[in-house]
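Below you'll find the structure, written out as structure tokens, and then a few comments.
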Amino acid sequence: MLRFRRLDLTPLAPRREAPRSEMLWGKSLYSSAWLLRGVGLTIALLAGSCSGTKFIPEGDKLYTGGAVKVKSQSSIPNESVLTATLEAVITPKPNSSILGMRPKLYFWHMGEGKTKGLGHLLADKYGEAPVLLSKVDTAKVQDLMANRLNNSGYFHPKVSSEVKVKANTASVDYTATVHKPYTIKEIHFPDSTGLLARAIKATESGSLLKVGDPYNLQTFVNERVRIDAALKNQGYYYFSPDYLLFQVDSTLDNEANVYLKVKETIPPRAAKPYVLNRVTLNTQYSLSDTTETTRPVMFRGYRYVPDEQVFRARAITNAVFIYPDSLYRRRRADQTLSRLMSLGTFKFVDTRFRPARNLPDSAGYGHLNATVRMTQVPKKSLRAELQMNTSNIFTGPAFVVQFRNRSALRGAEQLLINANASLETGKGALSGVTSTQYGIDGQLLVPRLITPPFDIRLVNSDFQPRTFFNAGYKYVLRTKYFQEDIFNLGYGYSWKTKLTNEQQLQPIDLQYLRLSNQEKVFKDLLAARPFLANSFRQQFILGSSYTYTYNQQVLEQRRNQMYFSGGVSLSGNVAHALQSLSGAKKTDTGAYALFGQEYSQYTKFDLEFRNYYRTSVNPTSGNKIATRLLVGVGLPYQNSNVLPYLKQYGIGGPNSVRAFNARGIGPGTYRTPDSQQNGFYDQVGDIRLEANAEYRQDLFPYVKGALFVDAGNIWLVNADPSRATYVKGENGQPVRDFQDGQFRFNTFLKQLAIGAGAGIRIDVQFFVIRLDAAYPLVYPYSNESLEVPGTNPGDPSIIYSANKTGYKVIKLNIAIGYPF
């Protein structure tokens, strides 16, 4: 007879006299010994208290956990996974401990028997009741382990336990003895001729069950879910995974035959596919008023309840992927909900399916009516913020206003207009200087790809693609120095094909910088520093860019999450090619100009890698190791010898190498002389390399701690003599380093700035306040005071001040959000 397993899946030395000096020394040693004994006794008492063993009831022991060992005469595939599975069922969990101490248990005893006061508060917030050996049910744990072993194909296991007792604690060791695991020999799908049987049979090629694979109950559970999902996309709306049954013949020698069956007791409606009859789209649905106040109209076969003041019907139907007279497919229903929600105009969207009345089955198919209910958010909104901006050189208030129209052209197009103004006062070298800024920018987000003459809808994506247009103007007035006008204009596309993947293509990204009203002090500064002069020159940036992002952070259950972003941006190549071919004349600087203004020409690559590894198996735990690597390379050529200032890299600051000021590192070994600390950053470059590592630990509710290490620097593609570096030579005199900030493969690793520190984060979900203290470990430049004589007779010396050492050098950072 065949044997089936039915899987329903649910002494002191003599004293002598000594000389006076020896007696004094002996007293000193004697006192020191007693002091050490006292300290040791104090530490022991504290350790005993914090360990919690002091408070264990008489006759009981503090339970410190359990361990599992698996024994077998044959090899055990994936033994570490099996051991982890068995360890997961060990209950109860022991009290948490840190270096053998249990502070939470100590806090609990502080509040024992108290209803108020500090002890009660500490016990309530941070305490943890003792876990005693008497609470451990080893028989129950052994049964659970045997169950898990059977589920993993280790039939007829034997599980035993042994209690290990110490002074005041006890642990339990579990031993599981198993035989060779069962593997799958044959898999049989239904062979019936009915619609349902044929539909199930059609899914066989994608089966998760493979001949030769180990028997594993979870695989059978996943297989049922897979088949149900496939049937849902073939019209079987009322089918459920519970209607599938696996019968396993385990009478073979460590092998099993698997038979897939459909339960005989399933309801008739679950055995047939359904076709959509009528589809209603209600754009005026309200949770407080469910009656239809507007008469429906027919549009593209839909029964449509319009709100023509907000939407055109086409804007809604283009985001709907369930159609009248089509087979019900759950994939299309889910896609419809996702697309409608991503429009940004609805607060809630849901879909209801009901059997169609008075419609007989046709060729074994039933009929469903569908209603898509959409609850709108207010069409227009206005938001204002008062901010306080602060940096190394400027501080002052800022006012920001944002207007949003969620259907500006009645097609769910989102129009955002941002206006901002700030008035900041200079600090340090810029004391007495004010910086005034005004700006306005607008962005129009169209929920479709505008690609004439083609109509691209990305019908297999759950996410709404967008075309975006943006334009903006910014006015900057820095008293005693200059006035600057910045214009920008852009157009592009953004789309997602998966939850983790996003792409952005921006064919047009134009920027124009115009400098005017230059004061003499500023002109003298630019004459002395050619780099700044080049970066502030009037120019066009005729840019295009493409960015690809892969982000696993949206998969919150994953223990290890990866993030990657890669992008390339270009500028001026097309214009340069056309002007070269047409024989256009160059300006006096040897560059081509457009409308009388030179334009930048470069290619720029940016890569960012991040990894987040959660050290706890608990998915809600914030204990993790976060790492980041940033690589950026900008290559100016032909029409440019340096990247535009706005496109160059800076490094340092709260979100970078935190032991140094923002833009306070590089390029290379360069550091700004004391006399040039005037607030105009020249520590920027064309190449960036940065790496960060951070360990994050939950401390208390809403409070997290962190330990981190940062490293990085920037470099130039072309050497800049105006940013020379000096070091102290063998004779004590300053010697020039002729690298001048340029990147070289044989020296760049020695030029990395390195800092480390610790931080506190107050995380209340909707915002994070971050406090970091960082200490520089390695300076990329010479950390010495130097006086470099002037180039010409009579020129003042160039002074470089050394960084102070000791605690004063610690850099404190206050920021909003995590650094990465």
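Going by the structure tokens order, chains are called A, B, ..., each with residues numbered from 1, while ligands are numbered from 1 in the order shown.
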At a cut-off of 6 Å, using only C-alpha atoms, what residues contact Leu368 in chain A? Leave out same-chain residues fewer than 6 positions from it and give the result as a PDB file with C-alpha atoms, in the first residue's frame.
ATOM      1  CA  LEU A 276     -15.432  41.894 -17.321  1.00  0.00           C
ATOM      2  CA  ASN A 277     -18.836  43.133 -18.381  1.00  0.00           C
ATOM      3  CA  ARG A 354     -19.139  42.118  -8.295  1.00  0.00           C
ATOM      4  CA  PRO A 355     -20.893  39.341 -10.254  1.00  0.00           C
ATOM      5  CA  ALA A 356     -22.928  40.736 -13.141  1.00  0.00           C
TER       6      ALA A 356
END
Could you tell me, as a short mmCIF file (atom, residue, chain, number, x, y, z; two decimals) with N, CA and C atoms, in the first residue's frame, which residues of range 476-508 of chain A DSSP assigns to strand (DSSP E or B) when given the backbone?
data_model
loop_
_atom_site.label_atom_id
_atom_site.label_comp_id
_atom_site.auth_asym_id
_atom_site.auth_seq_id
_atom_site.Cartn_x
_atom_site.Cartn_y
_atom_site.Cartn_z
N VAL A 476 21.48 87.05 -7.66
CA VAL A 476 22.38 87.07 -6.52
C VAL A 476 23.10 88.41 -6.47
N LEU A 477 23.00 89.09 -5.35
CA LEU A 477 23.72 90.34 -5.15
C LEU A 477 24.57 90.20 -3.91
N ARG A 478 25.88 90.25 -4.08
CA ARG A 478 26.81 90.19 -2.96
C ARG A 478 27.47 91.56 -2.85
N PHE A 482 29.81 91.71 -6.39
CA PHE A 482 29.26 91.51 -7.73
C PHE A 482 27.75 91.28 -7.68
N GLN A 483 27.19 91.26 -8.89
CA GLN A 483 25.80 90.84 -9.11
C GLN A 483 25.84 89.72 -10.15
N GLU A 484 24.98 88.71 -9.95
CA GLU A 484 24.97 87.56 -10.86
C GLU A 484 23.54 87.15 -11.18
N ASP A 485 23.30 86.87 -12.45
CA ASP A 485 22.00 86.36 -12.90
C ASP A 485 22.21 84.96 -13.46
N ILE A 486 21.35 84.02 -13.04
CA ILE A 486 21.45 82.62 -13.47
C ILE A 486 20.11 82.19 -14.04
N PHE A 487 20.12 81.72 -15.28
CA PHE A 487 18.91 81.26 -15.95
C PHE A 487 19.05 79.76 -16.23
N ASN A 488 17.95 79.03 -16.17
CA ASN A 488 17.98 77.61 -16.53
C ASN A 488 16.71 77.22 -17.25
N LEU A 489 16.84 76.26 -18.14
CA LEU A 489 15.71 75.75 -18.93
C LEU A 489 15.96 74.28 -19.20
N GLY A 490 14.96 73.43 -19.00
CA GLY A 490 15.16 71.99 -19.18
C GLY A 490 13.92 71.27 -19.64
N TYR A 491 14.15 70.08 -20.20
CA TYR A 491 13.07 69.24 -20.70
C TYR A 491 13.56 67.80 -20.68
N GLY A 492 12.71 66.86 -20.23
CA GLY A 492 13.15 65.48 -20.20
C GLY A 492 12.07 64.52 -19.79
N TYR A 493 12.47 63.28 -19.54
CA TYR A 493 11.55 62.19 -19.22
C TYR A 493 12.06 61.43 -17.99
N SER A 494 11.12 60.88 -17.24
CA SER A 494 11.46 59.97 -16.14
C SER A 494 10.47 58.83 -16.17
N TRP A 495 10.95 57.61 -15.94
CA TRP A 495 10.08 56.45 -15.98
C TRP A 495 10.67 55.32 -15.16
N LYS A 496 9.79 54.40 -14.74
CA LYS A 496 10.17 53.22 -13.97
C LYS A 496 9.56 52.00 -14.64
N THR A 497 10.37 50.97 -14.80
CA THR A 497 9.86 49.71 -15.31
C THR A 497 9.64 48.69 -14.20
N LYS A 498 10.29 48.90 -13.05
CA LYS A 498 10.12 48.06 -11.87
C LYS A 498 10.13 48.94 -10.64
N ASN A 501 13.73 50.08 -10.11
CA ASN A 501 14.48 50.70 -11.20
C ASN A 501 13.86 52.03 -11.62
N GLU A 502 14.67 53.04 -11.83
CA GLU A 502 14.18 54.32 -12.33
C GLU A 502 15.20 54.91 -13.29
N GLN A 503 14.71 55.53 -14.34
CA GLN A 503 15.58 56.14 -15.34
C GLN A 503 15.12 57.56 -15.63
N GLN A 504 16.08 58.43 -15.95
CA GLN A 504 15.76 59.80 -16.32
C GLN A 504 16.64 60.23 -17.47
N LEU A 505 16.00 60.71 -18.50
CA LEU A 505 16.70 61.21 -19.68
C LEU A 505 16.32 62.66 -19.87
N GLN A 506 17.32 63.53 -19.90
CA GLN A 506 17.07 64.96 -20.07
C GLN A 506 17.84 65.44 -21.30
N PRO A 507 17.19 65.48 -22.45
CA PRO A 507 17.87 65.91 -23.67
C PRO A 507 18.30 67.37 -23.62
N ILE A 508 17.53 68.20 -22.92
CA ILE A 508 17.84 69.63 -22.87
C ILE A 508 18.01 70.05 -21.42
#
Which residue out of A:Gln437, A:Thr265, A:Thr183, A:Ser97 has the minimum interatomic distance to Tyr243 in chain A when only C-alpha atoms are used?
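Of all the options, A:Thr265 lies closest to Tyr243 in chain A.
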Tell me, as a list of chain:residue names, which residues lie within 6 Å of range 656-659 of chain A, counting only C-alpha atoms; anything in the same chain fewer than 6 positions away does not count.
A:Asp710, A:Gly755, A:Ala774, A:Tyr775, A:Pro776, A:Lys811
Go ahead and write the residues just picked, C-alpha atoms, as a compact mmCIF listing (two decimals), in the first residue's frame.
# COMPACT_ATOMS: atom_id res chain seq x y z
CA ASP A 710 34.83 58.94 6.14
CA GLY A 755 38.03 61.32 9.62
CA ALA A 774 34.07 63.95 13.91
CA TYR A 775 37.85 64.00 14.39
CA PRO A 776 40.35 64.24 11.50
CA LYS A 811 34.10 69.08 14.16
Name the residues of range 420-608 of chain A that come out as helix (DSSP H, G or I) in a backbone DSSP run; write them as an MDAnalysis selection string.
chainID A and resid 428:430 520:528 530:536 573:582
I'd like the interatomic distance between CA of Glu162 in chain A and CA of Tyr174 in chain A, to a tenth of an Å.
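Going from CA of Glu162 in chain A over to CA of Tyr174 in chain A covers 6.5 Å.
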Residues within 12 Å of Pro267 in chain A, please, as a list in words. Count only C-alpha atoms; anything in the same chain fewer than 6 positions from it doesn't count.
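Counting only C-alpha atoms, the residues come to Tyr238, Phe239, Ser240, Asp242 and Tyr243 of chain A.
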Ser74 in chain A: which residues within 12 Å, counting only C-alpha atoms, same-chain residues fewer than 6 positions away excluded, as a list of chain:residue names?
A:Tyr154, A:Thr177, A:Val178, A:His179, A:Lys180, A:Pro181
Would you work out the distance separating CA of Gln553 in chain A from CA of Arg696 in chain A, expressed in Å to one decimal?
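Going from CA of Gln553 in chain A over to CA of Arg696 in chain A covers 15.9 Å.
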For Asn78 in chain A, the closest of A:Gly757, A:Gly685, A:Pro214, A:Ser435 counting only C-alpha atoms is A:Pro214
Can you pull out every residue within 10 Å of Glu87 in chain A, counting only C-alpha atoms, but drop anything in the same chain fewer than 6 positions away, and send it as a PDB file with N, CA and C atoms, in the first residue's frame?
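Result file part.pdb:
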ATOM      1  N   GLY A  66      19.622  29.301  24.299  1.00  0.00           N
ATOM      2  CA  GLY A  66      19.836  27.920  23.888  1.00  0.00           C
ATOM      3  C   GLY A  66      20.679  27.843  22.635  1.00  0.00           C
ATOM      4  N   ALA A  67      21.213  26.659  22.371  1.00  0.00           N
ATOM      5  CA  ALA A  67      22.025  26.403  21.184  1.00  0.00           C
ATOM      6  C   ALA A  67      21.547  25.122  20.537  1.00  0.00           C
ATOM      7  N   VAL A  68      21.794  24.991  19.240  1.00  0.00           N
ATOM      8  CA  VAL A  68      21.331  23.835  18.481  1.00  0.00           C
ATOM      9  C   VAL A  68      22.512  23.162  17.795  1.00  0.00           C
ATOM     10  N   LYS A  69      22.520  21.831  17.839  1.00  0.00           N
ATOM     11  CA  LYS A  69      23.501  21.041  17.105  1.00  0.00           C
ATOM     12  C   LYS A  69      22.774  19.965  16.328  1.00  0.00           C
ATOM     13  N   VAL A  81      21.710  27.029   7.271  1.00  0.00           N
ATOM     14  CA  VAL A  81      20.321  27.474   7.127  1.00  0.00           C
ATOM     15  C   VAL A  81      19.398  26.634   7.988  1.00  0.00           C
ATOM     16  N   VAL A 141       9.549  23.086  22.690  1.00  0.00           N
ATOM     17  CA  VAL A 141      10.574  23.488  21.725  1.00  0.00           C
ATOM     18  C   VAL A 141      11.020  22.297  20.891  1.00  0.00           C
ATOM     19  N   MET A 145      10.871  21.875  16.843  1.00  0.00           N
ATOM     20  CA  MET A 145      12.035  21.545  16.024  1.00  0.00           C
ATOM     21  C   MET A 145      11.769  20.332  15.160  1.00  0.00           C
ATOM     22  N   TYR A 174      20.185  21.919  22.563  1.00  0.00           N
ATOM     23  CA  TYR A 174      19.304  21.004  21.845  1.00  0.00           C
ATOM     24  C   TYR A 174      20.118  20.255  20.792  1.00  0.00           C
TER      25      TYR A 174
END
In terms of the shortest atom-to-atom distance over only C-alpha atoms, which of A:Gln751, A:Gln443, A:Thr115, A:Ser161 is closest to Asp143 in chain A?
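Ranked by minimum distance to Asp143 in chain A, first place goes to A:Ser161.
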Got a sec: who's within 8 Å of Gln335 in chain A, counting only C-alpha atoms, leaving out chain neighbours fewer than 4 positions off, as an MDAnalysis selection string?
chainID A and resid 320:321 331 339 461:463
For Ser362 in chain A, which residue among A:Thr672, A:Arg329, A:Lys272, A:Thr283 is the nearest when counting only C-alpha atoms?
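Ranking A:Thr672, A:Arg329, A:Lys272, A:Thr283 by distance to Ser362 in chain A, first place goes to A:Lys272.
Minimum atom-to-atom distance to Phe346 in chain A, evaluated using only C-alpha atoms, belongs to A:Lys379 out of A:Arg330, A:Lys427, A:Lys379, A:His120.
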Given only C-alpha atoms as the basis, pick out the residue of A:Arg761, A:Lys480, A:Lys93, A:Arg723 nearest to Gly622 in chain A.
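With only C-alpha atoms as the atom set, the closest residue is A:Arg761.
Here CA of Ser545 in chain A stands at a distance of 14.6 Å from CA of Leu635 in chain A.
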